[in-house]
>>> print(open('start02.pdb').read())   # PDB, C-alpha atoms and all ligand atoms
ATOM      1  CA  MET E   1     115.398  83.962  53.533
ATOM      2  CA  ASN E   2     117.327  82.743  50.488
ATOM      3  CA  SER E   3     116.838  84.138  46.988
ATOM      4  CA  ALA E   4     114.500  81.328  45.841
ATOM      5  CA  GLU E   5     112.257  81.943  48.847
ATOM      6  CA  LYS E   6     112.267  85.674  48.182
ATOM      7  CA  LEU E   7     111.389  85.067  44.542
ATOM      8  CA  LYS E   8     108.562  82.786  45.617
ATOM      9  CA  GLU E   9     107.182  85.499  47.887
ATOM     10  CA  MET E  10     107.310  87.982  45.020
ATOM     11  CA  LEU E  11     105.632  85.640  42.557
ATOM     12  CA  MET E  12     102.870  85.055  45.099
ATOM     13  CA  GLN E  13     102.065  88.762  44.889
ATOM     14  CA  PHE E  14     101.000  88.243  41.248
ATOM     15  CA  PRO E  15      97.239  88.095  40.614
ATOM     16  CA  SER E  16      95.851  84.608  41.369
ATOM     17  CA  VAL E  17      99.231  82.982  41.999
ATOM     18  CA  GLY E  18      99.385  80.714  45.054
ATOM     19  CA  PRO E  19     102.413  79.064  46.706
ATOM     20  CA  ARG E  20     102.358  75.906  44.542
ATOM     21  CA  GLN E  21     102.131  77.805  41.304
ATOM     22  CA  ALA E  22     104.879  80.178  42.467
ATOM     23  CA  GLU E  23     107.104  77.138  43.045
ATOM     24  CA  ARG E  24     106.309  75.752  39.601
ATOM     25  CA  PHE E  25     107.339  79.101  38.099
ATOM     26  CA  ILE E  26     110.610  79.058  39.997
ATOM     27  CA  TYR E  27     111.447  75.525  38.789
ATOM     28  CA  PHE E  28     110.552  76.613  35.286
ATOM     29  CA  ILE E  29     112.871  79.626  35.498
ATOM     30  CA  LEU E  30     115.649  77.488  36.976
ATOM     31  CA  SER E  31     115.351  74.964  34.148
ATOM     32  CA  ARG E  32     115.862  77.618  31.455
ATOM     33  CA  SER E  33     119.252  78.412  29.931
ATOM     34  CA  LYS E  34     121.540  81.075  31.380
ATOM     35  CA  ALA E  35     120.843  83.286  28.357
ATOM     36  CA  TRP E  36     117.081  82.970  28.867
ATOM     37  CA  LYS E  37     117.350  83.956  32.532
ATOM     38  CA  LYS E  38     119.543  86.906  31.638
ATOM     39  CA  GLU E  39     117.090  88.111  29.034
ATOM     40  CA  PHE E  40     114.207  87.700  31.465
ATOM     41  CA  ALA E  41     115.971  89.826  34.076
ATOM     42  CA  ASN E  42     116.977  92.409  31.458
ATOM     43  CA  LEU E  43     113.446  92.691  30.123
ATOM     44  CA  ILE E  44     112.084  93.502  33.551
ATOM     45  CA  GLU E  45     114.679  96.244  33.836
ATOM     46  CA  GLN E  46     113.938  97.502  30.312
ATOM     47  CA  VAL E  47     110.187  97.542  30.763
ATOM     48  CA  GLN E  48     110.655  99.737  33.798
ATOM     49  CA  GLN E  49     112.563 102.256  31.721
ATOM     50  CA  GLU E  50     110.306 102.218  28.684
ATOM     51  CA  VAL E  51     106.859 102.029  30.206
ATOM     52  CA  GLU E  52     105.365 104.788  32.273
ATOM     53  CA  LEU E  53     102.219 105.324  34.296
ATOM     54  CA  CYS E  54     100.089 108.090  32.761
ATOM     55  CA  PRO E  55      99.449 110.699  35.480
ATOM     56  CA  ALA E  56      96.052 111.557  33.937
ATOM     57  CA  CYS E  57      94.387 108.166  33.388
ATOM     58  CA  PHE E  58      96.811 105.875  35.297
ATOM     59  CA  ARG E  59      97.285 103.449  32.448
ATOM     60  CA  PHE E  60     100.696 102.083  31.603
ATOM     61  CA  TYR E  61     101.955 103.310  28.243
ATOM     62  CA  GLN E  62     105.056 103.014  26.122
ATOM     63  CA  LYS E  63     107.086 106.207  26.382
ATOM     64  CA  ASN E  64     107.451 107.993  23.079
ATOM     65  CA  HIS E  65     110.531 110.177  22.891
ATOM     66  CA  LYS E  66     109.269 112.116  19.880
ATOM     67  CA  ASN E  67     106.032 113.116  21.546
ATOM     68  CA  ASN E  68     106.991 113.650  25.127
ATOM     69  CA  SER E  69     103.849 115.324  26.446
ATOM     70  CA  GLY E  70     104.108 113.511  29.779
ATOM     71  CA  ILE E  71     100.689 111.885  29.280
ATOM     72  CA  CYS E  72      99.611 108.855  27.238
ATOM     73  CA  SER E  73      98.455 108.999  23.613
ATOM     74  CA  ILE E  74      94.781 108.522  24.571
ATOM     75  CA  CYS E  75      94.790 111.412  27.064
ATOM     76  CA  ALA E  76      96.764 113.586  24.641
ATOM     77  CA  ASN E  77      94.332 112.967  21.776
ATOM     78  CA  ASN E  78      91.978 115.952  21.477
ATOM     79  CA  GLN E  79      89.880 114.167  18.873
ATOM     80  CA  ARG E  80      88.475 111.808  21.488
ATOM     81  CA  ASP E  81      85.081 112.458  23.116
ATOM     82  CA  ASN E  82      84.971 114.137  26.460
ATOM     83  CA  ALA E  83      83.400 111.130  28.214
ATOM     84  CA  LEU E  84      85.281 109.287  30.947
ATOM     85  CA  MET E  85      85.133 105.510  31.311
ATOM     86  CA  VAL E  86      86.286 104.203  34.673
ATOM     87  CA  VAL E  87      87.849 100.746  34.250
ATOM     88  CA  LEU E  88      89.270  98.343  36.784
ATOM     89  CA  ASN E  89      92.690  97.772  35.279
ATOM     90  CA  ASN E  90      94.964  98.091  32.258
ATOM     91  CA  THR E  91      93.841  94.760  30.783
ATOM     92  CA  ASP E  92      90.189  95.854  30.686
ATOM     93  CA  LEU E  93      91.164  99.184  29.136
ATOM     94  CA  LYS E  94      93.172  97.460  26.448
ATOM     95  CA  ASN E  95      90.321  95.092  25.615
ATOM     96  CA  ILE E  96      87.728  97.892  25.395
ATOM     97  CA  GLU E  97      90.075  99.974  23.275
ATOM     98  CA  LYS E  98      90.676  96.998  20.972
ATOM     99  CA  SER E  99      86.912  96.604  20.451
ATOM    100  CA  GLY E 100      86.919 100.032  18.770
ATOM    101  CA  SER E 101      83.472 100.876  20.155
ATOM    102  CA  TYR E 102      84.508 103.585  22.585
ATOM    103  CA  THR E 103      86.107 106.895  21.658
ATOM    104  CA  GLY E 104      86.232 108.784  24.955
ATOM    105  CA  LYS E 105      88.855 108.969  27.684
ATOM    106  CA  TYR E 106      89.610 106.443  30.428
ATOM    107  CA  PHE E 107      90.492 106.279  34.086
ATOM    108  CA  VAL E 108      92.098 103.174  35.622
ATOM    109  CA  ILE E 109      90.759 102.934  39.175
ATOM    110  CA  GLY E 110      93.178 100.094  39.941
ATOM    111  CA  GLY E 111      91.099  97.838  42.200
ATOM    112  CA  LEU E 112      87.749  97.052  43.772
ATOM    113  CA  ALA E 113      86.277  99.200  46.552
ATOM    114  CA  PRO E 114      88.311  98.984  49.785
ATOM    115  CA  SER E 115      85.945  96.696  51.715
ATOM    116  CA  VAL E 116      85.807  94.027  48.970
ATOM    117  CA  GLY E 117      89.102  94.491  47.163
ATOM    118  CA  LYS E 118      92.431  93.123  48.270
ATOM    119  CA  ALA E 119      94.644  95.794  49.739
ATOM    120  CA  GLY E 120      96.076  97.676  46.810
ATOM    121  CA  THR E 121      95.520 100.681  44.670
ATOM    122  CA  PHE E 122      92.011 102.071  44.642
ATOM    123  CA  ARG E 123      92.313 105.558  43.191
ATOM    124  CA  MET E 124      89.163 107.197  44.463
ATOM    125  CA  GLN E 125      90.810 110.475  45.476
ATOM    126  CA  GLU E 126      92.698 110.647  42.179
ATOM    127  CA  LEU E 127      89.438 110.172  40.275
ATOM    128  CA  ILE E 128      87.746 112.961  42.219
ATOM    129  CA  ALA E 129      90.748 115.224  41.564
ATOM    130  CA  ILE E 130      90.487 114.628  37.799
ATOM    131  CA  LEU E 131      86.731 115.205  37.810
ATOM    132  CA  LYS E 132      87.282 118.505  39.579
ATOM    133  CA  LYS E 133      89.829 119.557  36.985
ATOM    134  CA  THR E 134      88.019 118.518  33.806
ATOM    135  CA  GLU E 135      84.322 118.662  33.145
ATOM    136  CA  PHE E 136      83.276 115.432  31.425
ATOM    137  CA  THR E 137      80.016 115.010  29.538
ATOM    138  CA  GLU E 138      79.494 111.557  31.008
ATOM    139  CA  ILE E 139      81.111 109.060  33.398
ATOM    140  CA  ILE E 140      80.746 105.398  32.478
ATOM    141  CA  LEU E 141      81.509 102.952  35.269
ATOM    142  CA  ALA E 142      82.778  99.733  33.661
ATOM    143  CA  MET E 143      83.358  97.486  36.660
ATOM    144  CA  PRO E 144      83.200  93.662  36.416
ATOM    145  CA  ALA E 145      79.727  92.067  36.221
ATOM    146  CA  THR E 146      80.105  90.453  39.648
ATOM    147  CA  VAL E 147      78.709  91.141  43.119
ATOM    148  CA  ASP E 148      81.953  92.869  44.119
ATOM    149  CA  GLY E 149      81.934  94.804  40.847
ATOM    150  CA  ASP E 150      78.378  96.029  41.501
ATOM    151  CA  TYR E 151      79.312  97.022  45.016
ATOM    152  CA  THR E 152      82.296  98.959  43.668
ATOM    153  CA  THR E 153      80.077 100.732  41.116
ATOM    154  CA  GLU E 154      77.763 101.860  43.933
ATOM    155  CA  TYR E 155      80.716 102.925  46.045
ATOM    156  CA  ILE E 156      82.292 105.029  43.269
ATOM    157  CA  LYS E 157      78.948 106.598  42.351
ATOM    158  CA  HIS E 158      78.312 107.521  45.979
ATOM    159  CA  GLU E 159      81.769 109.021  46.436
ATOM    160  CA  ILE E 160      81.521 111.097  43.241
ATOM    161  CA  ILE E 161      78.096 112.528  44.059
ATOM    162  CA  LYS E 162      79.079 113.283  47.638
ATOM    163  CA  THR E 163      81.776 115.666  46.390
ATOM    164  CA  LEU E 164      80.470 116.601  42.944
ATOM    165  CA  PRO E 165      76.634 116.505  42.951
ATOM    166  CA  GLU E 166      76.574 118.048  39.451
ATOM    167  CA  TYR E 167      77.516 114.613  38.090
ATOM    168  CA  LYS E 168      74.325 113.060  39.451
ATOM    169  CA  ASP E 169      72.648 112.573  36.043
ATOM    170  CA  LYS E 170      75.833 111.957  34.142
ATOM    171  CA  ILE E 171      76.873 108.575  35.559
ATOM    172  CA  SER E 172      76.081 105.415  33.619
ATOM    173  CA  VAL E 173      77.008 101.737  33.736
ATOM    174  CA  LEU E 174      77.621  99.300  30.905
ATOM    175  CA  GLY E 175      74.567  97.439  29.608
ATOM    176  CA  ARG E 176      74.621  93.819  30.520
ATOM    177  CA  GLY E 177      75.216  92.246  27.175
ATOM    178  CA  LEU E 178      77.962  91.012  29.463
ATOM    179  CA  SER E 179      76.858  87.872  31.265
ATOM    180  CA  ARG E 180      77.143  87.779  35.034
ATOM    181  CA  GLY E 181      80.606  86.879  36.160
ATOM    182  CA  VAL E 182      82.238  87.580  32.799
ATOM    183  CA  GLU E 183      85.126  89.925  33.243
ATOM    184  CA  LEU E 184      85.700  92.632  30.646
ATOM    185  CA  GLU E 185      89.150  91.244  30.230
ATOM    186  CA  TYR E 186      87.691  88.123  28.568
ATOM    187  CA  ALA E 187      84.775  89.734  26.721
ATOM    188  CA  ASP E 188      84.931  89.676  22.916
ATOM    189  CA  PRO E 189      84.658  92.913  20.858
ATOM    190  CA  ALA E 190      81.003  92.267  19.885
ATOM    191  CA  THR E 191      79.988  91.838  23.538
ATOM    192  CA  ILE E 192      81.819  95.019  24.538
ATOM    193  CA  LYS E 193      80.160  96.905  21.682
ATOM    194  CA  GLU E 194      76.715  95.714  22.885
ATOM    195  CA  ALA E 195      77.526  96.642  26.478
ATOM    196  CA  ILE E 196      78.554 100.161  25.469
ATOM    197  CA  LYS E 197      75.567 100.570  23.161
ATOM    198  CA  ASN E 198      73.213  99.501  25.955
ATOM    199  CA  LYS E 199      74.810 101.551  28.699
ATOM    200  CA  LYS E 200      72.318 103.184  31.013
ATOM    201  CA  THR E 201      72.304 105.918  33.615
ATOM    202  CA  ILE E 202      71.974 104.618  37.130
ATOM    203  CA  PHE E 203      69.349 107.037  38.405
TER     204      PHE E 203
HETATM  205 ZN    ZN M 301      96.460 108.659  29.942
END
>>> encode(input="start02.pdb", output="structure tokens", more="lines below")
Ligand SMILES: [Zn+2]
Amino acid sequence: MNSAEKLKEMLMQFPSVGPRQAERFIYFILSRSKAWKKEFANLIEQVQQEVELCPACFRFYQKNHKNNSGICSICANNQRDNALMVVLNNTDLKNIEKSGSYTGKYFVIGGLAPSVGKAGTFRMQELIAILKKTEFTEIILAMPATVDGDYTTEYIKHEIIKTLPEYKDKISVLGRGLSRGVELEYADPATIKEAIKNKKTIF
């Protein structure tokens, strides 16, 4: 396999990128100047050095050399509520955080439940481990408002209660100010605020 083919294979691993789009990206990269390509390659290298995965919530965060606590600024902030919101990915977390309507902690589960999600990271065991270590006042499951999202919510709820029955009355889901099919990633701050305000326990 030559380097262009390898690059195509790698680009196809990106979310929602198929073979034709991967090829378009490659031609785009090839058409850029040498300096552009060099910067692109350097930035990938740099991002790897500067951004780290938080071992507590599994979000990517910019390393801060002054405050090197080993966890991200959200996890390290004692002023935040002791609620835990389980989100699908970093993009959703960022969007909810930007809305300013949530002041608890987060956990990035990384994917949909195994039977509906593409093979990838689904951090069920990691979530259980964190729930065993810290007692949260509430767990809010903020999965996408889709059939697969609902299935994943049920799956997570079931897995938590199986191991930690004391959480039975402490699990809630976002209220559906969010229309069906709208991903949190695209929801505006007002919609997110409504969804959090209208969250409800699932028992
Ligand atoms: Zn964190």
>>> closest_atom_pairs(input="start02.pdb", of="chain E", to="ligand ZN 301 (chain M)", cutoff="7 Å", atoms="only C-alpha atoms and all ligand atoms", output="tab-separated table")
residue	atom	partner	partner_atom	distance
E:Cys54	CA	M:ZN301	ZN	4.6
E:Pro55	CA	M:ZN301	ZN	6.6
E:Ala56	CA	M:ZN301	ZN	5.0
E:Cys57	CA	M:ZN301	ZN	4.1
E:Phe58	CA	M:ZN301	ZN	6.0
E:Arg59	CA	M:ZN301	ZN	5.8
E:Ile71	CA	M:ZN301	ZN	5.4
E:Cys72	CA	M:ZN301	ZN	4.2
E:Ser73	CA	M:ZN301	ZN	6.6
E:Ile74	CA	M:ZN301	ZN	5.6
E:Cys75	CA	M:ZN301	ZN	4.3
>>> axis_aligned_box(input="start02.pdb", around="range 161-164 of chain E", padding_each_side="8 Å", output="AutoDock Vina command-line options")
--center_x 79.9 --center_y 114.6 --center_z 45.3 --size_x 19.7 --size_y 20.1 --size_z 20.7
>>> closest_residue(input="start02.pdb", among="E:Lys200, E:Met12, E:Gly175, E:Tyr186", to="Ser99 in chain E", atoms="all atoms listed in the file")
E:Tyr186
>>> resolve_selection(input="start02.pdb", expression="the PyMOL selection byres (((chain E and resi 140-149) around 7) and not hetatm)", output="PDB file with C-alpha atoms, in the coordinates of the input")
ATOM      1  CA  LEU E  84      85.281 109.287  30.947  1.00  0.00           C
ATOM      2  CA  MET E  85      85.133 105.510  31.311  1.00  0.00           C
ATOM      3  CA  VAL E  86      86.286 104.203  34.673  1.00  0.00           C
ATOM      4  CA  VAL E  87      87.849 100.746  34.250  1.00  0.00           C
ATOM      5  CA  LEU E  88      89.270  98.343  36.784  1.00  0.00           C
ATOM      6  CA  LEU E 112      87.749  97.052  43.772  1.00  0.00           C
ATOM      7  CA  VAL E 116      85.807  94.027  48.970  1.00  0.00           C
ATOM      8  CA  GLU E 138      79.494 111.557  31.008  1.00  0.00           C
ATOM      9  CA  ILE E 139      81.111 109.060  33.398  1.00  0.00           C
ATOM     10  CA  ASP E 150      78.378  96.029  41.501  1.00  0.00           C
ATOM     11  CA  TYR E 151      79.312  97.022  45.016  1.00  0.00           C
ATOM     12  CA  THR E 152      82.296  98.959  43.668  1.00  0.00           C
ATOM     13  CA  THR E 153      80.077 100.732  41.116  1.00  0.00           C
ATOM     14  CA  ILE E 171      76.873 108.575  35.559  1.00  0.00           C
ATOM     15  CA  SER E 172      76.081 105.415  33.619  1.00  0.00           C
ATOM     16  CA  VAL E 173      77.008 101.737  33.736  1.00  0.00           C
ATOM     17  CA  LEU E 174      77.621  99.300  30.905  1.00  0.00           C
ATOM     18  CA  ARG E 180      77.143  87.779  35.034  1.00  0.00           C
ATOM     19  CA  GLY E 181      80.606  86.879  36.160  1.00  0.00           C
ATOM     20  CA  VAL E 182      82.238  87.580  32.799  1.00  0.00           C
ATOM     21  CA  GLU E 183      85.126  89.925  33.243  1.00  0.00           C
ATOM     22  CA  LEU E 184      85.700  92.632  30.646  1.00  0.00           C
TER      23      LEU E 184
END
>>> residues_near_point(input="start02.pdb", point="(80.6, 106.1, 22.1)", cutoff="9 Å", atoms="only C-alpha atoms", output="mmCIF file with C-alpha atoms, keeping the file's coordinate frame")
data_model
loop_
_atom_site.group_PDB
_atom_site.id
_atom_site.type_symbol
_atom_site.label_atom_id
_atom_site.label_comp_id
_atom_site.auth_asym_id
_atom_site.auth_seq_id
_atom_site.Cartn_x
_atom_site.Cartn_y
_atom_site.Cartn_z
ATOM 1 C CA ASP E 81 85.081 112.458 23.116
ATOM 2 C CA ALA E 83 83.400 111.130 28.214
ATOM 3 C CA SER E 101 83.472 100.876 20.155
ATOM 4 C CA TYR E 102 84.508 103.585 22.585
ATOM 5 C CA THR E 103 86.107 106.895 21.658
ATOM 6 C CA GLY E 104 86.232 108.784 24.955
ATOM 7 C CA ILE E 196 78.554 100.161 25.469
ATOM 8 C CA LYS E 197 75.567 100.570 23.161
#
>>> residues_around(input="start02.pdb", residues="Arg123 in chain E", least_positions_apart="4", cutoff="7 Å", atoms="only C-alpha atoms", output="ChimeraX atom specification")
/E:109-110,127
>>> write_last_selection(input="start02.pdb", atoms="C-alpha atoms", output="short mmCIF file (atom, residue, chain, number, x, y, z; two decimals), in the coordinates of the input")
data_model
loop_
_atom_site.label_atom_id
_atom_site.label_comp_id
_atom_site.auth_asym_id
_atom_site.auth_seq_id
_atom_site.Cartn_x
_atom_site.Cartn_y
_atom_site.Cartn_z
CA ILE E 109 90.76 102.93 39.17
CA GLY E 110 93.18 100.09 39.94
CA LEU E 127 89.44 110.17 40.28
#
>>> resolve_selection(input="start02.pdb", expression="the PyMOL selection byres (((chain E and resi 25) around 12) and not hetatm)", output="list of chain:residue names")
E:Ala4, E:Leu7, E:Lys8, E:Glu9, E:Met10, E:Leu11, E:Met12, E:Phe14, E:Val17, E:Gly18, E:Pro19, E:Arg20, E:Gln21, E:Ala22, E:Glu23, E:Arg24, E:Ile26, E:Tyr27, E:Phe28, E:Ile29, E:Leu30, E:Ser31, E:Arg32
>>> closest_residue(input="start02.pdb", among="E:Thr91, E:Asn2, E:Glu52, E:Glu45", to="Glu185 in chain E", atoms="only C-alpha atoms")
E:Thr91
>>> atom_distance(input="start02.pdb", atom1="CA of Leu131 in chain E", atom2="CA of Asp169 in chain E")
14.4 Å
>>> build_atoms(input="start02.pdb", residues="range 105-116 of chain E", atoms="all heavy atoms", output="PDB file, keeping the file's coordinate frame")
ATOM      1  N   LYS E 105      87.653 109.133  26.869  1.00  0.00           N
ATOM      2  CA  LYS E 105      88.855 108.969  27.684  1.00  0.00           C
ATOM      3  C   LYS E 105      88.632 107.863  28.727  1.00  0.00           C
ATOM      4  O   LYS E 105      87.512 107.400  28.914  1.00  0.00           O
ATOM      5  CB  LYS E 105      89.175 110.290  28.410  1.00  0.00           C
ATOM      6  CG  LYS E 105      89.295 111.503  27.484  1.00  0.00           C
ATOM      7  CD  LYS E 105      90.681 111.602  26.916  1.00  0.00           C
ATOM      8  CE  LYS E 105      90.837 112.661  25.840  1.00  0.00           C
ATOM      9  NZ  LYS E 105      91.094 114.009  26.282  1.00  0.00           N
ATOM     10  N   TYR E 106      89.696 107.505  29.421  1.00  0.00           N
ATOM     11  CA  TYR E 106      89.610 106.443  30.428  1.00  0.00           C
ATOM     12  C   TYR E 106      90.168 106.909  31.770  1.00  0.00           C
ATOM     13  O   TYR E 106      90.933 107.865  31.847  1.00  0.00           O
ATOM     14  CB  TYR E 106      90.453 105.231  30.019  1.00  0.00           C
ATOM     15  CG  TYR E 106      89.983 104.496  28.809  1.00  0.00           C
ATOM     16  CD1 TYR E 106      90.528 104.777  27.561  1.00  0.00           C
ATOM     17  CD2 TYR E 106      89.023 103.491  28.909  1.00  0.00           C
ATOM     18  CE1 TYR E 106      90.124 104.078  26.429  1.00  0.00           C
ATOM     19  CE2 TYR E 106      88.612 102.783  27.787  1.00  0.00           C
ATOM     20  CZ  TYR E 106      89.169 103.091  26.554  1.00  0.00           C
ATOM     21  OH  TYR E 106      88.765 102.394  25.450  1.00  0.00           O
ATOM     22  N   PHE E 107      89.822 106.136  32.793  1.00  0.00           N
ATOM     23  CA  PHE E 107      90.492 106.279  34.086  1.00  0.00           C
ATOM     24  C   PHE E 107      90.633 104.880  34.682  1.00  0.00           C
ATOM     25  O   PHE E 107      89.644 104.163  34.826  1.00  0.00           O
ATOM     26  CB  PHE E 107      89.681 107.172  35.040  1.00  0.00           C
ATOM     27  CG  PHE E 107      90.365 107.391  36.353  1.00  0.00           C
ATOM     28  CD1 PHE E 107      91.315 108.387  36.500  1.00  0.00           C
ATOM     29  CD2 PHE E 107      90.099 106.555  37.437  1.00  0.00           C
ATOM     30  CE1 PHE E 107      91.979 108.564  37.713  1.00  0.00           C
ATOM     31  CE2 PHE E 107      90.766 106.731  38.650  1.00  0.00           C
ATOM     32  CZ  PHE E 107      91.709 107.740  38.788  1.00  0.00           C
ATOM     33  N   VAL E 108      91.861 104.493  35.029  1.00  0.00           N
ATOM     34  CA  VAL E 108      92.098 103.174  35.622  1.00  0.00           C
ATOM     35  C   VAL E 108      92.023 103.301  37.144  1.00  0.00           C
ATOM     36  O   VAL E 108      92.907 103.883  37.772  1.00  0.00           O
ATOM     37  CB  VAL E 108      93.484 102.605  35.214  1.00  0.00           C
ATOM     38  CG1 VAL E 108      93.716 101.236  35.848  1.00  0.00           C
ATOM     39  CG2 VAL E 108      93.599 102.507  33.695  1.00  0.00           C
ATOM     40  N   ILE E 109      90.951 102.766  37.727  1.00  0.00           N
ATOM     41  CA  ILE E 109      90.759 102.934  39.175  1.00  0.00           C
ATOM     42  C   ILE E 109      91.689 102.009  39.963  1.00  0.00           C
ATOM     43  O   ILE E 109      92.031 102.286  41.104  1.00  0.00           O
ATOM     44  CB  ILE E 109      89.269 102.763  39.572  1.00  0.00           C
ATOM     45  CG1 ILE E 109      88.993 103.274  40.983  1.00  0.00           C
ATOM     46  CG2 ILE E 109      88.803 101.328  39.430  1.00  0.00           C
ATOM     47  CD1 ILE E 109      88.210 104.521  41.069  1.00  0.00           C
ATOM     48  N   GLY E 110      92.097 100.909  39.364  1.00  0.00           N
ATOM     49  CA  GLY E 110      93.178 100.094  39.941  1.00  0.00           C
ATOM     50  C   GLY E 110      92.763  98.956  40.851  1.00  0.00           C
ATOM     51  O   GLY E 110      93.572  98.081  41.155  1.00  0.00           O
ATOM     52  N   GLY E 111      91.501  98.935  41.310  1.00  0.00           N
ATOM     53  CA  GLY E 111      91.099  97.838  42.200  1.00  0.00           C
ATOM     54  C   GLY E 111      89.637  97.974  42.567  1.00  0.00           C
ATOM     55  O   GLY E 111      88.980  98.948  42.186  1.00  0.00           O
ATOM     56  N   LEU E 112      89.139  96.998  43.313  1.00  0.00           N
ATOM     57  CA  LEU E 112      87.749  97.052  43.772  1.00  0.00           C
ATOM     58  C   LEU E 112      87.676  97.922  45.027  1.00  0.00           C
ATOM     59  O   LEU E 112      88.697  98.203  45.647  1.00  0.00           O
ATOM     60  CB  LEU E 112      87.243  95.641  44.062  1.00  0.00           C
ATOM     61  CG  LEU E 112      87.109  94.740  42.822  1.00  0.00           C
ATOM     62  CD1 LEU E 112      86.930  93.295  43.231  1.00  0.00           C
ATOM     63  CD2 LEU E 112      85.967  95.191  41.921  1.00  0.00           C
ATOM     64  N   ALA E 113      86.466  98.344  45.382  1.00  0.00           N
ATOM     65  CA  ALA E 113      86.277  99.200  46.552  1.00  0.00           C
ATOM     66  C   ALA E 113      86.948  98.587  47.781  1.00  0.00           C
ATOM     67  O   ALA E 113      86.983  97.359  47.913  1.00  0.00           O
ATOM     68  CB  ALA E 113      84.789  99.398  46.802  1.00  0.00           C
ATOM     69  N   PRO E 114      87.487  99.445  48.662  1.00  0.00           N
ATOM     70  CA  PRO E 114      88.311  98.984  49.785  1.00  0.00           C
ATOM     71  C   PRO E 114      87.755  97.785  50.567  1.00  0.00           C
ATOM     72  O   PRO E 114      88.498  96.858  50.874  1.00  0.00           O
ATOM     73  CB  PRO E 114      88.397 100.203  50.683  1.00  0.00           C
ATOM     74  CG  PRO E 114      88.117 101.359  49.802  1.00  0.00           C
ATOM     75  CD  PRO E 114      87.295 100.880  48.656  1.00  0.00           C
ATOM     76  N   SER E 115      86.446  97.761  50.853  1.00  0.00           N
ATOM     77  CA  SER E 115      85.945  96.696  51.715  1.00  0.00           C
ATOM     78  C   SER E 115      85.846  95.347  51.008  1.00  0.00           C
ATOM     79  O   SER E 115      85.758  94.315  51.653  1.00  0.00           O
ATOM     80  CB  SER E 115      84.582  97.087  52.283  1.00  0.00           C
ATOM     81  OG  SER E 115      83.771  97.555  51.237  1.00  0.00           O
ATOM     82  N   VAL E 116      85.849  95.315  49.665  1.00  0.00           N
ATOM     83  CA  VAL E 116      85.807  94.027  48.970  1.00  0.00           C
ATOM     84  C   VAL E 116      87.111  93.693  48.256  1.00  0.00           C
ATOM     85  O   VAL E 116      87.410  92.535  48.004  1.00  0.00           O
ATOM     86  CB  VAL E 116      84.640  93.946  47.935  1.00  0.00           C
ATOM     87  CG1 VAL E 116      83.321  93.878  48.645  1.00  0.00           C
ATOM     88  CG2 VAL E 116      84.675  95.078  46.927  1.00  0.00           C
TER      89      VAL E 116
END
